Amino acid sequence: MHFSWVVNDPPSGPFPAGHFSIQPEVFRFVVHEGPNLTMDASAAGRAADDREVIVAARNLSKTYRDFWGRSKKVALKPLDLEIRRGEIFGLLGPNGSGKTTTMKLLLGLIFPSSGEALLFGRDATDVTKNERVGYLPEETYLYKFLDAEETLDFYGRLFDMPPEERKRRADALIAMVGLSRDKKRQLREYSKGMTRRIGIAQALINDPELVLLDEPTSGLDPIGTREMKDLIIDLKKRGKTVIMSSHLLADVEDVCDRIAVLHQGELKELGRVEDLLRVTDVTQIRARGLPSAAVEEVRAVLQRHGGADIEVGNPTTTLEELFLEVVRDTEARPGRRARQADRNA
Amino acid sequence: MVLEEEIPKFAAWIGPAFVAYLFAAGLVAVFAAALAWLVQSVMHGPLAAGDRVYRGVLGTLADLGGMSPRRIWALARLAVQESLRRNVLVVLGLFAVIILFAGWFLDPASVNPGKLYLGFILSATNLLVCLVVLVLSVFSLPADIKAKAIQTVTTKPVRTCEIVLGRMLGFALVGTVLLAVMGAVGWAFVVRSVRHEHELLADDVVEIKADDGSAAGFEGRTSLVRGHRHRVELDADGTGRTDTVQGHRHSVRMLEQGGVKTCEVGPPEGLLEARKPLRGTLRFLDRQGKPSTKGISVGAEWSYRQYIEGGSLAAAIWTFTGLTEREFPDGLPLEMIVRVFRTYKGDIEKGIAGSVRVRNPATGLQSDPIYFTAKEFTIDSLVIPRQVVTTTADGGTRQVDLFTDLVTDGTVEIVLQCLEPAQYYGVAQADFYLRRGSGSFAVNYAKSCLGAWFSMLLVTALGVMFSTFLAGPVALLATLAVVLVGQFREFIQRLFESQVTGDSQLAPGGGPIESLYRIVTQQSITLELDPSPAVTAMKAVDTLLLAPMRLGAAIFPSLSSLGTGDFLTGGFDIPFDLVGAHAAETLGYLLAFFVVGAVCLKAREVAA
């Protein structure tokens, strides 16, 4: 079976000059050895990992009910999840798939209909866990009548920080998110990008061990997106655990160690990004500064060794294909994990 | 001033009150837990429900233990900032406008301008401040939940009780500042409004000669200011006082410099006062002179005042205790508000004559009557001098000393009688007192503002409490409903009792449905409805509707009972016992509202 993100027919001629002109020296060769592709989703899940479990969801589900207790919407079907220290974990799914519901459950903002969510081994509704948690909501919900300094000072107080520490951390964070010049302006005057920045600053005010970012790059321009991703990777380097949700696949792919793909409130995929995306029967060769003659030569060599469906081009986003596949698969065969279905077939 | 119940001593009151409070709080808590368990049982089954309620209680207790002053203060500051952003200070401008209008429309020539101005300022201040904190408190939390800003807050280590307390504190702070400013401005307004000066020209003063031709004194009339003038009587050396008009008088001094006479009229005295009364207990003698617990009822009137018949042996006797010679060295300054019930008109300009006698309860020795004329609607004052005259057994008279002969162990009786036959005196226990002197009017005014402050605190707490589980407009209505139920507490209690017992005389007109029916069909409330199944059903529904209101009336605070404006405008010192009781009551309610709010917010999914 072929996955749709692989082009079966190799391009007949060289890529348009403009295509190369962006990054002329990077090529990517992709060789399909056969029609059967496997994605090793379970490997990551099984991987022996002795790092501390920071977040655990056990049979966690959420059904929204109306006033009379009648079930209105199943927002999250029973979910089992473990996230360990130092991971960047991505929650991926289309709008309304249960990403934000999962985050809210983990934060104790809503209460589970069944099962439990544990953070640092404590129940998600236990307020003391918040000492070690930072949260950036989907849209930055802050008090618009405060300025940046007041905002960070306010949230610092909520962590019971002494004044000097509040001041120090607020200054550092404002500088980090690049709002030093605008720190005396009320948030109502801020652009969406600036609001996002102050949002991330407030999420980090307590130097949290676990950071939950709901759509961290939404509303950010490409530069801002890049900075946000760098920040997330930097958090990981400092030993933080990050959970982020997004429907922007490139973001998730760039930064996440592991992802869970949710669709219609159900876990569809769970595993390490590279495992999920590794296509074992496809060989990828990358080279820098290869003249076009050499490219042709390599292609010939590959053909000589029986390589089929040779593809030459620049790296592309492939998670998008996985994502769309999951959505399509779910809609065709509801209620099953996409890959399990494949394996059973 | 009407004082229907005696004010108990705070120290004696607080103990039983606290026990009753604990009992009520425990009852409410148990009832709430049972209700929560029932609701949860329907959704999750009895065992899981028990677990949830148990964990909820534990969680709330843990939250209360984990409160941090810094977080509460941060949230309170936020509430203040939010209030300022909502331009809450505009209300001060509104208050200024109200005062300007008051300056135009309040009549300075009224019978008691001090009472008029004070009453107006107090109610305007109280109403404005309560309205402001009401609107602030009910819309704040729902707005936060709607704008989801609450999510960024609750994901910090913030206890829900801190959110509730912080809000209550913040808005209370705003209300306090508003109240302080309005109170100070109002004070200045009242003091300036009632202050006035009369002129007395020496030419208007006439010398009075005694029979032997020597100068006995002077008399005259002051100029007309603010719709009144005073008659002046001066003694021979040129000092004296005016008569009392509009509740005040002035001291007057006549000076002579270089043969030119000038008169100096002092500032008004007695206009803004804080009398400190020593009140006694009241008993009666009926017309035959036999002891009786009650006087005469002169009709279907308010039972606060009892009447004694004139020209008979009927008397009202007050027993005062705790008198010391040190406190009253110059005799007993008696002040009384005596109502008159006339069975014939007589000379309406003239008061009804009466007498007061002082009696020793131990020896039975009593003074000769001291006569006075009851001027209705004002406070009559009379000083019983140190030396009083008594009639001896042989018909002669002798002088006795008040304290050595008439007071035993600090106790004395004062006997009031009406002298004119077929006219009646109406008296109440609180209407007759010995004046101990005056407290500071400024302090009294501040105490009265304290009453307004308690109301403001309760409204704030109620608003915040309701906003933890209701949307803003609904919370507003709920708070208003509670305030109204508290306001009409006694009426609702009476109405419910009349519904249950079927005694329609208790509260004529019936419950809400019956009242509506009577309004639509234009039937008098005093007429019984013709019995029919429909009427029975209507009354049954009324009883059902009244039951929760009756419960509410038993539970919710009555803001008006916290007000001490009557004392202030009546010119009486507000007793600290009363202020203390009000403070304790307020604190009890605040605590209850806070806990209810905290529990409700904790049980709520703020992000749902």
# chains A, B, ... in the order shown; residues from 1 in each chain; ligands from 1
call {"tool": "interface_residues", "arguments": {"of": "chain B", "to": "chain A", "cutoff": "6 Å", "atoms": "only C-alpha atoms", "output": "number ranges by chain"}}
result
B: 70-71, 148-149, 155-157, 605, 607
call {"tool": "select_by_dssp", "arguments": {"residues": "stretch 234-317 of chain A", "states": "strand (DSSP E)", "output": "PyMOL selection string"}}
result
chain A and resi 241-246+258-263+266-272+282-288+308-313
call {"tool": "closest_residue", "arguments": {"among": "B:Ser558, B:Phe139, B:Glu497, B:Pro575", "to": "B:Tyr589", "atoms": "only C-alpha atoms"}}
result
B:Ser558
call {"tool": "select_by_dssp", "arguments": {"residues": "stretch 253-439 of chain B", "states": "helix (DSSP H, G or I)", "output": "ChimeraX atom specification"}}
result
/B:402-406,429-431
call {"tool": "write_last_selection", "arguments": {"atoms": "N, CA and C atoms", "output": "tab-separated table (two decimals), in the first residue's frame"}}
result
chain	number	residue	atom	x	y	z
B	402	LEU	N	-32.28	65.29	96.46
B	402	LEU	CA	-32.57	64.27	95.46
B	402	LEU	C	-31.83	62.97	95.76
B	403	PHE	N	-30.54	63.11	95.97
B	403	PHE	CA	-29.74	61.88	96.07
B	403	PHE	C	-29.79	61.27	97.47
B	404	THR	N	-29.84	62.09	98.48
B	404	THR	CA	-29.85	61.49	99.82
B	404	THR	C	-31.22	60.92	100.17
B	405	ASP	N	-32.30	61.56	99.68
B	405	ASP	CA	-33.61	61.13	100.14
B	405	ASP	C	-34.42	60.36	99.11
B	406	LEU	N	-34.22	60.63	97.86
B	406	LEU	CA	-35.10	60.03	96.85
B	406	LEU	C	-34.44	58.89	96.05
B	429	GLN	N	-41.41	53.27	76.46
B	429	GLN	CA	-40.29	53.13	77.40
B	429	GLN	C	-39.10	54.01	77.00
B	430	ALA	N	-38.82	54.00	75.66
B	430	ALA	CA	-37.61	54.70	75.21
B	430	ALA	C	-37.81	56.20	75.11
B	431	ASP	N	-39.05	56.66	75.30
B	431	ASP	CA	-39.35	58.07	75.07
B	431	ASP	C	-39.05	58.97	76.26
call {"tool": "closest_residue", "arguments": {"among": "B:Leu587, B:Leu106, B:Ala62, B:Ala316", "to": "B:Tyr425", "atoms": "only C-alpha atoms"}}
result
B:Ala316
call {"tool": "atom_distance", "arguments": {"atom1": "atom CA of A:Asp230", "atom2": "atom CA of A:Leu270"}}
result
23.6 Å
call {"tool": "residues_around", "arguments": {"residues": "stretch 177-180 of chain B", "least_positions_apart": "6", "cutoff": "12 Å", "atoms": "only C-alpha atoms", "output": "ChimeraX atom specification"}}
result
/B:80,83-84,88-95,121-133,170-171,186-187,445-446,448-457
call {"tool": "residues_around", "arguments": {"residues": "stretch 365-378 of chain B", "least_positions_apart": "3", "cutoff": "7 Å", "atoms": "only C-alpha atoms", "output": "ChimeraX atom specification"}}
result
/B:337-340,351-360,388-391,406
call {"tool": "closest_residue", "arguments": {"among": "B:Thr564, B:Gly227, B:Phe189, B:Thr222", "to": "B:His250", "atoms": "only C-alpha atoms"}}
result
B:Thr222
call {"tool": "residues_around", "arguments": {"residues": "A:Ala201", "least_positions_apart": "2", "cutoff": "8 Å", "atoms": "only C-alpha atoms", "output": "list of chain:residue names"}}
result
A:Leu152, A:Leu173, A:Ile174, A:Val177, A:Arg197, A:Ile198, A:Gly199, A:Ala203, A:Leu204, A:Ile205
call {"tool": "write_last_selection", "arguments": {"atoms": "N, CA and C atoms", "output": "PDB file, in the first residue's frame"}}
result
ATOM      1  N   LEU A 152       2.840  40.827  34.552  1.00  0.00           N
ATOM      2  CA  LEU A 152       3.785  39.842  35.085  1.00  0.00           C
ATOM      3  C   LEU A 152       3.883  39.973  36.612  1.00  0.00           C
ATOM      4  N   LEU A 173      11.896  38.303  31.626  1.00  0.00           N
ATOM      5  CA  LEU A 173      10.957  37.723  30.660  1.00  0.00           C
ATOM      6  C   LEU A 173      10.517  38.746  29.619  1.00  0.00           C
ATOM      7  N   ILE A 174      10.327  39.989  30.066  1.00  0.00           N
ATOM      8  CA  ILE A 174       9.942  41.029  29.100  1.00  0.00           C
ATOM      9  C   ILE A 174      11.058  41.212  28.073  1.00  0.00           C
ATOM     10  N   VAL A 177      11.028  38.139  25.630  1.00  0.00           N
ATOM     11  CA  VAL A 177      10.015  38.130  24.578  1.00  0.00           C
ATOM     12  C   VAL A 177      10.025  39.418  23.759  1.00  0.00           C
ATOM     13  N   ARG A 197       3.252  37.109  22.979  1.00  0.00           N
ATOM     14  CA  ARG A 197       4.548  37.153  23.655  1.00  0.00           C
ATOM     15  C   ARG A 197       4.384  37.371  25.153  1.00  0.00           C
ATOM     16  N   ILE A 198       3.510  38.312  25.508  1.00  0.00           N
ATOM     17  CA  ILE A 198       3.317  38.535  26.951  1.00  0.00           C
ATOM     18  C   ILE A 198       2.646  37.303  27.564  1.00  0.00           C
ATOM     19  N   GLY A 199       1.857  36.613  26.721  1.00  0.00           N
ATOM     20  CA  GLY A 199       1.222  35.378  27.185  1.00  0.00           C
ATOM     21  C   GLY A 199       2.262  34.327  27.541  1.00  0.00           C
ATOM     22  N   ALA A 203       3.362  32.676  31.217  1.00  0.00           N
ATOM     23  CA  ALA A 203       3.380  31.228  31.434  1.00  0.00           C
ATOM     24  C   ALA A 203       4.696  30.784  32.072  1.00  0.00           C
ATOM     25  N   LEU A 204       5.748  31.600  31.873  1.00  0.00           N
ATOM     26  CA  LEU A 204       7.072  31.192  32.362  1.00  0.00           C
ATOM     27  C   LEU A 204       7.472  31.927  33.639  1.00  0.00           C
ATOM     28  N   ILE A 205       6.568  32.727  34.185  1.00  0.00           N
ATOM     29  CA  ILE A 205       6.935  33.600  35.304  1.00  0.00           C
ATOM     30  C   ILE A 205       7.440  32.798  36.497  1.00  0.00           C
TER      31      ILE A 205
END
call {"tool": "residues_around", "arguments": {"residues": "stretch 213-216 of chain A", "least_positions_apart": "5", "cutoff": "9 Å", "atoms": "only C-alpha atoms", "output": "PDB file with N, CA and C atoms, in the first residue's frame"}}
result
ATOM      1  N   LYS A  99      -8.071  18.483  21.620  1.00  0.00           N
ATOM      2  CA  LYS A  99      -6.751  18.903  22.106  1.00  0.00           C
ATOM      3  C   LYS A  99      -6.891  19.815  23.318  1.00  0.00           C
ATOM      4  N   THR A 100      -7.715  20.856  23.119  1.00  0.00           N
ATOM      5  CA  THR A 100      -7.861  21.823  24.196  1.00  0.00           C
ATOM      6  C   THR A 100      -8.559  21.190  25.394  1.00  0.00           C
ATOM      7  N   MET A 103      -6.006  19.421  27.332  1.00  0.00           N
ATOM      8  CA  MET A 103      -5.186  20.364  28.103  1.00  0.00           C
ATOM      9  C   MET A 103      -5.928  20.872  29.326  1.00  0.00           C
ATOM     10  N   GLY A 134       3.257  25.906  33.880  1.00  0.00           N
ATOM     11  CA  GLY A 134       3.013  27.150  33.157  1.00  0.00           C
ATOM     12  C   GLY A 134       2.016  26.864  32.048  1.00  0.00           C
ATOM     13  N   TYR A 135       1.136  27.814  31.775  1.00  0.00           N
ATOM     14  CA  TYR A 135       0.091  27.547  30.787  1.00  0.00           C
ATOM     15  C   TYR A 135      -0.120  28.767  29.912  1.00  0.00           C
ATOM     16  N   LEU A 136      -0.065  28.523  28.622  1.00  0.00           N
ATOM     17  CA  LEU A 136      -0.406  29.564  27.659  1.00  0.00           C
ATOM     18  C   LEU A 136      -1.709  29.155  26.992  1.00  0.00           C
ATOM     19  N   PRO A 137      -2.799  29.842  27.298  1.00  0.00           N
ATOM     20  CA  PRO A 137      -4.080  29.430  26.711  1.00  0.00           C
ATOM     21  C   PRO A 137      -4.116  29.674  25.202  1.00  0.00           C
ATOM     22  N   GLU A 138      -5.156  29.123  24.627  1.00  0.00           N
ATOM     23  CA  GLU A 138      -5.346  29.152  23.179  1.00  0.00           C
ATOM     24  C   GLU A 138      -5.273  30.570  22.624  1.00  0.00           C
ATOM     25  N   GLU A 139      -6.099  31.433  23.230  1.00  0.00           N
ATOM     26  CA  GLU A 139      -5.941  32.844  22.930  1.00  0.00           C
ATOM     27  C   GLU A 139      -5.487  33.440  24.243  1.00  0.00           C
ATOM     28  N   ARG A 196       0.607  37.539  22.359  1.00  0.00           N
ATOM     29  CA  ARG A 196       1.095  36.165  22.455  1.00  0.00           C
ATOM     30  C   ARG A 196       2.398  36.122  23.246  1.00  0.00           C
ATOM     31  N   ILE A 200       3.240  34.187  26.690  1.00  0.00           N
ATOM     32  CA  ILE A 200       4.265  33.166  26.976  1.00  0.00           C
ATOM     33  C   ILE A 200       5.103  33.619  28.179  1.00  0.00           C
ATOM     34  N   ALA A 203       3.362  32.676  31.217  1.00  0.00           N
ATOM     35  CA  ALA A 203       3.380  31.228  31.434  1.00  0.00           C
ATOM     36  C   ALA A 203       4.696  30.784  32.072  1.00  0.00           C
ATOM     37  N   THR A 225       6.902  32.775  14.806  1.00  0.00           N
ATOM     38  CA  THR A 225       6.749  31.330  14.890  1.00  0.00           C
ATOM     39  C   THR A 225       8.098  30.667  15.130  1.00  0.00           C
ATOM     40  N   MET A 228       9.219  31.279  18.585  1.00  0.00           N
ATOM     41  CA  MET A 228       8.461  30.457  19.533  1.00  0.00           C
ATOM     42  C   MET A 228       9.008  29.033  19.538  1.00  0.00           C
ATOM     43  N   LYS A 229       9.276  28.519  18.337  1.00  0.00           N
ATOM     44  CA  LYS A 229       9.808  27.146  18.263  1.00  0.00           C
ATOM     45  C   LYS A 229      11.177  27.073  18.940  1.00  0.00           C
ATOM     46  N   VAL A 242       7.392  19.959  27.927  1.00  0.00           N
ATOM     47  CA  VAL A 242       6.486  20.843  27.208  1.00  0.00           C
ATOM     48  C   VAL A 242       5.375  20.017  26.577  1.00  0.00           C
ATOM     49  N   ILE A 243       4.150  20.455  26.773  1.00  0.00           N
ATOM     50  CA  ILE A 243       3.043  19.871  26.030  1.00  0.00           C
ATOM     51  C   ILE A 243       2.473  20.982  25.172  1.00  0.00           C
ATOM     52  N   MET A 244       2.452  20.767  23.874  1.00  0.00           N
ATOM     53  CA  MET A 244       1.856  21.793  23.038  1.00  0.00           C
ATOM     54  C   MET A 244       0.806  21.179  22.143  1.00  0.00           C
ATOM     55  N   SER A 245      -0.195  21.971  21.853  1.00  0.00           N
ATOM     56  CA  SER A 245      -1.202  21.498  20.919  1.00  0.00           C
ATOM     57  C   SER A 245      -1.130  22.387  19.701  1.00  0.00           C
ATOM     58  N   SER A 246      -1.453  21.797  18.573  1.00  0.00           N
ATOM     59  CA  SER A 246      -1.425  22.602  17.363  1.00  0.00           C
ATOM     60  C   SER A 246      -2.148  21.865  16.259  1.00  0.00           C
ATOM     61  N   HIS A 247      -2.641  22.614  15.324  1.00  0.00           N
ATOM     62  CA  HIS A 247      -3.051  21.951  14.095  1.00  0.00           C
ATOM     63  C   HIS A 247      -2.102  22.332  12.976  1.00  0.00           C
ATOM     64  N   LEU A 248      -1.080  23.076  13.357  1.00  0.00           N
ATOM     65  CA  LEU A 248      -0.076  23.431  12.369  1.00  0.00           C
ATOM     66  C   LEU A 248       1.007  22.362  12.404  1.00  0.00           C
TER      67      LEU A 248
END
call {"tool": "closest_residue", "arguments": {"among": "B:Ile513, B:Ala540, B:Leu78, B:Ala478", "to": "B:Phe556", "atoms": "only C-alpha atoms"}}
result
B:Ala478
call {"tool": "closest_residue", "arguments": {"among": "A:Tyr190, A:Ala57, A:Glu297, A:Ala287", "to": "A:Ile83", "atoms": "only C-alpha atoms"}}
result
A:Ala57
